[in-house]
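K.L.:
Supplied in structure tokens, the structure appears directly below.
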Amino acid sequence: MEEASELIRERHRKLRELIQAGINPYASRYEVKDQAASLLNNHGHASEEGLREERVSAALAGRLVAIREHGRASFAHLQDGSGRIQIYVRQEEVGRESYSLFRKLDIGDFVGVKGHLFRTRTGELTVWAKEIRLLAKSLRPLPEKWHGLSDIETRYRQRYVDLIANPEVGDIFRRRARIIAETRRFFDERGFLEVETPMMQALPGGAAARPFVTYHQALDTTLYLRVAPELYLKRLVVGGLERVYEINRNFRNEGISREHNPEFTMLEFYQAYADYRDLMGLTEELILHVARAVLGTDEVEYQGKKIDLRPPWPRVSMLDAVAEEAGAFPQDLRQAEGLKRLAGEVGVPVDRDGSWGKVLQDLFKALVEPKLIQPTFVCDFPRELSPLAKDKVEDLMLVERFELFIGGLEIANAYSELNDPIEQRKRFQEQMKERQGGDEGVQGIDEDFLRALEYGMPPTAGAGIGIDRLVMVLTNSPSIRDVILFPQLRPEKG
């Protein structure tokens, strides 16, 4: 720690010297014409003679990440947003004053370089500097062995250092951006309209989750950060926007884990005159399209497992999945007591006072969910777990809902939307009993949403896909924190 403080003091001393010498240590701009990657891609196979004849010019800027001094000449590596390339600086070429300044620079400083390309004796493509200019002085040294920075908390907390130290991290977020762009393209091409709905809501709804609470001074009212955009998107379907989607930020005041961050990105889309079966096909198309467009493949590897994304994907009911895994008959598990006996037999802890649906869900999470590595639609959920979903006509204990699992992660949640305003009110009222019993994830009754339904909503299906988790699978990232630039962490201790 003392050593780091001394290095920082030394850099501050250098900063003062620069200012006293009349050198601006923080330049305003620099004309960049090239990037390291493009120079290497375009000229990486050129011969030394070809480079000499063509006299390829280069003008680029970036961070110094290595410096090797050899008297009146020095080599360094410069890293920009695309990669890194070697530069060669000679006193005879740049002048005594510029070279003297260069020798005072530190790893981490930003410089601009103009010159031409050549090959060293070892064959490395290098920029022979004709001009070098300090653009920004770094006052804090990169961590020791920064090129192998591996401390997880430091990486998440100081993402800026992580991006410098681990170039593959930047690749993850470039891929994330492409995944989102291809998702937009997929829906735009199918006639869906991208919309924006409120992030601050007078009444949170659309998911069973504890919200974050804030306060609006001018309106003198409590507001909530949204837990889901669902109820607003369905209002738009009522209004005649028959195909809508939103890539949105949601906020849930709950735990943090490998799969959960309090702030996360969700895709939600709604299609009129469709049901949950239609959305299974659409979801298969979407994820296959994104994988092919971004990765160029139908098969990905996630945490050591090969995952085949080619449809059709298996469809299995939640009840049948639990029965098969437990070696039981589905008809024996249609009452709470039968499920509770089974839970005791297989060693899954459940609430002895829990309802049939909640016990079934607990068994599913313990016995089935971790094994769903290949893409699988789990369908037909207990009615009590899905207050916004339409009943399954053949079995009124269940609703038309599915969840998609890939790599053991829940990726999507969808249902045929309940569009009967009278039934929807009854479902909300049933939920309110749970809220009165202490369930903070249950929200109040949204009267405006019910009013919208009373104007009439066509048959509609809607789905939510967790963008962060999808990116986890498509980048082989073990934690949601690896695919969120600035994940939530405990505050640093002073």
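Ligands are numbered from 1 in the order shown, residues from 1 within each chain, and chains are lettered A, B, ... in the order they appear in the structure tokens.
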Quick one: everything within 10 Å of Pro458 in chain A, counting only C-alpha atoms, minus sequence neighbours fewer than 4 positions away in the same chain. Send it as a ChimeraX atom specification.

P.N.:
/A:237-238,240,242,271-274,417-420,453

K.L.:
If you run DSSP on the backbone, which residues of range 273-466 of chain A are helix (DSSP H, G or I), as number ranges by chain?

P.N.:
A: 276-295, 318-326, 330-333, 336-346, 356-371, 383-385, 421-436, 447-454

K.L.:
Mind checking which residues fall within 12 Å of Arg84 in chain A, counting only C-alpha atoms, ignoring those fewer than 6 positions away in the same chain, and posting them as a list in words?

P.N.:
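My list of contacting residues is Asp34, Gln35, Ala36, Ala37, Ser38, Leu39, Leu40, Asn41, Leu60, Ala61, Gly62, Arg63, Leu64, Val65, Ala66, Ala76, His77, Leu78, Leu125, Thr126, Val127, Ile164 and Pro167 of chain A.
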
K.L.:
Since we have the selection now, will you write its residues out, keeping C-alpha atoms, as a short mmCIF file (atom, residue, chain, number, x, y, z; two decimals), in the first residue's frame?

P.N.:
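Final output, saved to part11.cif:
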data_model
loop_
_atom_site.label_atom_id
_atom_site.label_comp_id
_atom_site.auth_asym_id
_atom_site.auth_seq_id
_atom_site.Cartn_x
_atom_site.Cartn_y
_atom_site.Cartn_z
CA ASP A 34 -6.11 4.58 -37.65
CA GLN A 35 -6.71 1.91 -35.04
CA ALA A 36 -4.33 -0.80 -33.92
CA ALA A 37 -6.55 -3.66 -35.09
CA SER A 38 -7.13 -2.22 -38.55
CA LEU A 39 -3.39 -1.63 -39.07
CA LEU A 40 -2.60 -5.19 -38.01
CA ASN A 41 -5.44 -6.69 -40.09
CA LEU A 60 -3.34 6.66 -33.83
CA ALA A 61 -3.75 7.26 -30.11
CA GLY A 62 -4.06 5.14 -27.01
CA ARG A 63 -2.66 4.10 -23.66
CA LEU A 64 0.97 3.07 -23.12
CA VAL A 65 0.91 -0.45 -21.68
CA ALA A 66 4.60 -1.35 -21.93
CA ALA A 76 6.49 0.66 -26.39
CA HIS A 77 3.11 -0.95 -26.82
CA LEU A 78 0.11 1.29 -27.36
CA LEU A 125 4.62 -4.86 -37.29
CA THR A 126 5.51 -1.55 -35.63
CA VAL A 127 4.79 2.16 -35.99
CA ILE A 164 -7.70 -2.29 -19.46
CA PRO A 167 -9.17 -7.31 -23.25
#

K.L.:
Using only C-alpha atoms, pick whichever of A:Ile467, A:Asp362, A:Glu31, A:Glu10 has the shortest atom-to-atom distance to Met266 in chain A.

P.N.:
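The shortest atom-to-atom distance to Met266 in chain A comes from A:Ile467.
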
K.L.:
Measure the distance from CA of Arg119 in chain A to CA of Glu48 in chain A in Å and round it to one decimal.

P.N.:
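Spanning CA of Arg119 in chain A to CA of Glu48 in chain A is a straight-line distance of 5.6 Å.
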
K.L.:
Please run DSSP on the backbone and report, as a VMD selection string, all residues within range 21-260 of chain A that come out as strand (DSSP E).

P.N.:
chain A and resid 57 to 70 73 to 79 84 to 90 110 to 119 125 to 136 193 to 194 200 to 201 213 to 216 221 to 225 243 to 251

K.L.:
Since we have the selection now, will you write its residues out, keeping C-alpha atoms, as a PDB file, in the first residue's frame?

P.N.:
ATOM      1  CA  SER A  57       1.356   6.110 -42.800  1.00  0.00           C
ATOM      2  CA  ALA A  58      -0.251   5.723 -39.370  1.00  0.00           C
ATOM      3  CA  ALA A  59      -1.894   8.163 -36.978  1.00  0.00           C
ATOM      4  CA  LEU A  60      -3.344   6.662 -33.833  1.00  0.00           C
ATOM      5  CA  ALA A  61      -3.752   7.257 -30.109  1.00  0.00           C
ATOM      6  CA  GLY A  62      -4.063   5.142 -27.005  1.00  0.00           C
ATOM      7  CA  ARG A  63      -2.657   4.095 -23.661  1.00  0.00           C
ATOM      8  CA  LEU A  64       0.966   3.069 -23.117  1.00  0.00           C
ATOM      9  CA  VAL A  65       0.912  -0.448 -21.678  1.00  0.00           C
ATOM     10  CA  ALA A  66       4.599  -1.348 -21.931  1.00  0.00           C
ATOM     11  CA  ILE A  67       7.812   0.632 -22.372  1.00  0.00           C
ATOM     12  CA  ARG A  68      11.328  -0.676 -23.120  1.00  0.00           C
ATOM     13  CA  GLU A  69      14.089   1.945 -23.265  1.00  0.00           C
ATOM     14  CA  HIS A  70      17.311   1.479 -25.244  1.00  0.00           C
ATOM     15  CA  ALA A  73      15.566   4.757 -28.879  1.00  0.00           C
ATOM     16  CA  SER A  74      12.647   3.044 -27.173  1.00  0.00           C
ATOM     17  CA  PHE A  75       9.955   0.504 -27.933  1.00  0.00           C
ATOM     18  CA  ALA A  76       6.494   0.658 -26.386  1.00  0.00           C
ATOM     19  CA  HIS A  77       3.113  -0.949 -26.823  1.00  0.00           C
ATOM     20  CA  LEU A  78       0.115   1.287 -27.357  1.00  0.00           C
ATOM     21  CA  GLN A  79      -3.391  -0.010 -26.620  1.00  0.00           C
ATOM     22  CA  ARG A  84      -2.545  -3.001 -29.223  1.00  0.00           C
ATOM     23  CA  ILE A  85       0.406  -2.336 -31.505  1.00  0.00           C
ATOM     24  CA  GLN A  86       4.114  -1.693 -30.990  1.00  0.00           C
ATOM     25  CA  ILE A  87       5.612   1.764 -31.512  1.00  0.00           C
ATOM     26  CA  TYR A  88       9.265   2.721 -32.017  1.00  0.00           C
ATOM     27  CA  VAL A  89      10.497   6.123 -30.830  1.00  0.00           C
ATOM     28  CA  ARG A  90      13.970   7.488 -31.735  1.00  0.00           C
ATOM     29  CA  PHE A 110      -2.251   8.343 -23.189  1.00  0.00           C
ATOM     30  CA  VAL A 111      -0.252   9.443 -26.220  1.00  0.00           C
ATOM     31  CA  GLY A 112      -0.856  10.286 -29.862  1.00  0.00           C
ATOM     32  CA  VAL A 113       1.546   8.891 -32.446  1.00  0.00           C
ATOM     33  CA  LYS A 114       2.099   9.693 -36.134  1.00  0.00           C
ATOM     34  CA  GLY A 115       4.558   7.854 -38.320  1.00  0.00           C
ATOM     35  CA  HIS A 116       4.802   4.923 -40.742  1.00  0.00           C
ATOM     36  CA  LEU A 117       4.745   1.145 -40.531  1.00  0.00           C
ATOM     37  CA  PHE A 118       7.808  -1.102 -40.636  1.00  0.00           C
ATOM     38  CA  ARG A 119       8.898  -4.496 -39.352  1.00  0.00           C
ATOM     39  CA  LEU A 125       4.619  -4.859 -37.285  1.00  0.00           C
ATOM     40  CA  THR A 126       5.506  -1.549 -35.627  1.00  0.00           C
ATOM     41  CA  VAL A 127       4.788   2.162 -35.985  1.00  0.00           C
ATOM     42  CA  TRP A 128       7.984   4.184 -36.501  1.00  0.00           C
ATOM     43  CA  ALA A 129       7.101   7.417 -34.729  1.00  0.00           C
ATOM     44  CA  LYS A 130       7.692  10.729 -36.480  1.00  0.00           C
ATOM     45  CA  GLU A 131       5.692  12.601 -33.865  1.00  0.00           C
ATOM     46  CA  ILE A 132       4.595  11.690 -30.346  1.00  0.00           C
ATOM     47  CA  ARG A 133       2.410  13.779 -28.078  1.00  0.00           C
ATOM     48  CA  LEU A 134       1.207  13.392 -24.498  1.00  0.00           C
ATOM     49  CA  LEU A 135      -2.629  13.422 -24.420  1.00  0.00           C
ATOM     50  CA  ALA A 136      -3.439  12.535 -20.807  1.00  0.00           C
ATOM     51  CA  LEU A 193     -43.057  -1.395 -32.657  1.00  0.00           C
ATOM     52  CA  GLU A 194     -40.380  -0.477 -30.125  1.00  0.00           C
ATOM     53  CA  MET A 200     -41.199   5.444 -12.284  1.00  0.00           C
ATOM     54  CA  GLN A 201     -44.706   4.227 -11.551  1.00  0.00           C
ATOM     55  CA  VAL A 213     -39.341   3.344  -3.466  1.00  0.00           C
ATOM     56  CA  THR A 214     -38.696   7.002  -4.267  1.00  0.00           C
ATOM     57  CA  TYR A 215     -40.546  10.280  -3.813  1.00  0.00           C
ATOM     58  CA  HIS A 216     -41.506  13.027  -6.244  1.00  0.00           C
ATOM     59  CA  THR A 221     -46.337  11.484  -4.135  1.00  0.00           C
ATOM     60  CA  THR A 222     -44.535   8.206  -3.620  1.00  0.00           C
ATOM     61  CA  LEU A 223     -43.284   6.517  -6.781  1.00  0.00           C
ATOM     62  CA  TYR A 224     -41.769   3.100  -7.452  1.00  0.00           C
ATOM     63  CA  LEU A 225     -39.051   2.010  -9.844  1.00  0.00           C
ATOM     64  CA  ARG A 243     -47.233  -5.811 -31.766  1.00  0.00           C
ATOM     65  CA  VAL A 244     -44.989  -3.992 -29.299  1.00  0.00           C
ATOM     66  CA  TYR A 245     -41.661  -4.610 -27.623  1.00  0.00           C
ATOM     67  CA  GLU A 246     -39.429  -2.841 -25.138  1.00  0.00           C
ATOM     68  CA  ILE A 247     -35.824  -3.449 -24.112  1.00  0.00           C
ATOM     69  CA  ASN A 248     -36.038  -2.024 -20.641  1.00  0.00           C
ATOM     70  CA  ARG A 249     -34.340  -1.599 -17.290  1.00  0.00           C
ATOM     71  CA  ASN A 250     -36.140  -3.194 -14.358  1.00  0.00           C
ATOM     72  CA  PHE A 251     -35.428  -2.813 -10.657  1.00  0.00           C
TER      73      PHE A 251
END

K.L.:
Smallest atom-to-atom distance to Pro143 in chain A: which of A:Met318, A:Ile23, A:Ile8, A:Val161, using only C-alpha atoms?

P.N.:
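Looking only at the distances to Pro143 in chain A, the closest residue turns out to be A:Val161.
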
K.L.:
Residues within 10 Å of Lys14 in chain A, please, as number ranges by chain. Count only C-alpha atoms; anything in the same chain fewer than 6 positions from it doesn't count.

P.N.:
A: 8, 20, 25, 104-106, 137, 139

K.L.:
Can you work out which one of A:Glu259, A:Glu394, A:Glu492, A:Glu268 has the shortest atom-to-atom distance to Phe192 in chain A, counting only C-alpha atoms?

P.N.:
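Among the listed residues, A:Glu268 lies closest to Phe192 in chain A.
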
K.L.:
With only C-alpha atoms as the basis for distance, which of A:Gln331, A:Ser317, A:Thr460, A:Thr265 is at the shortest distance from Pro487 in chain A?

P.N.:
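That would be A:Thr265, the residue with the smallest distance to Pro487 in chain A.
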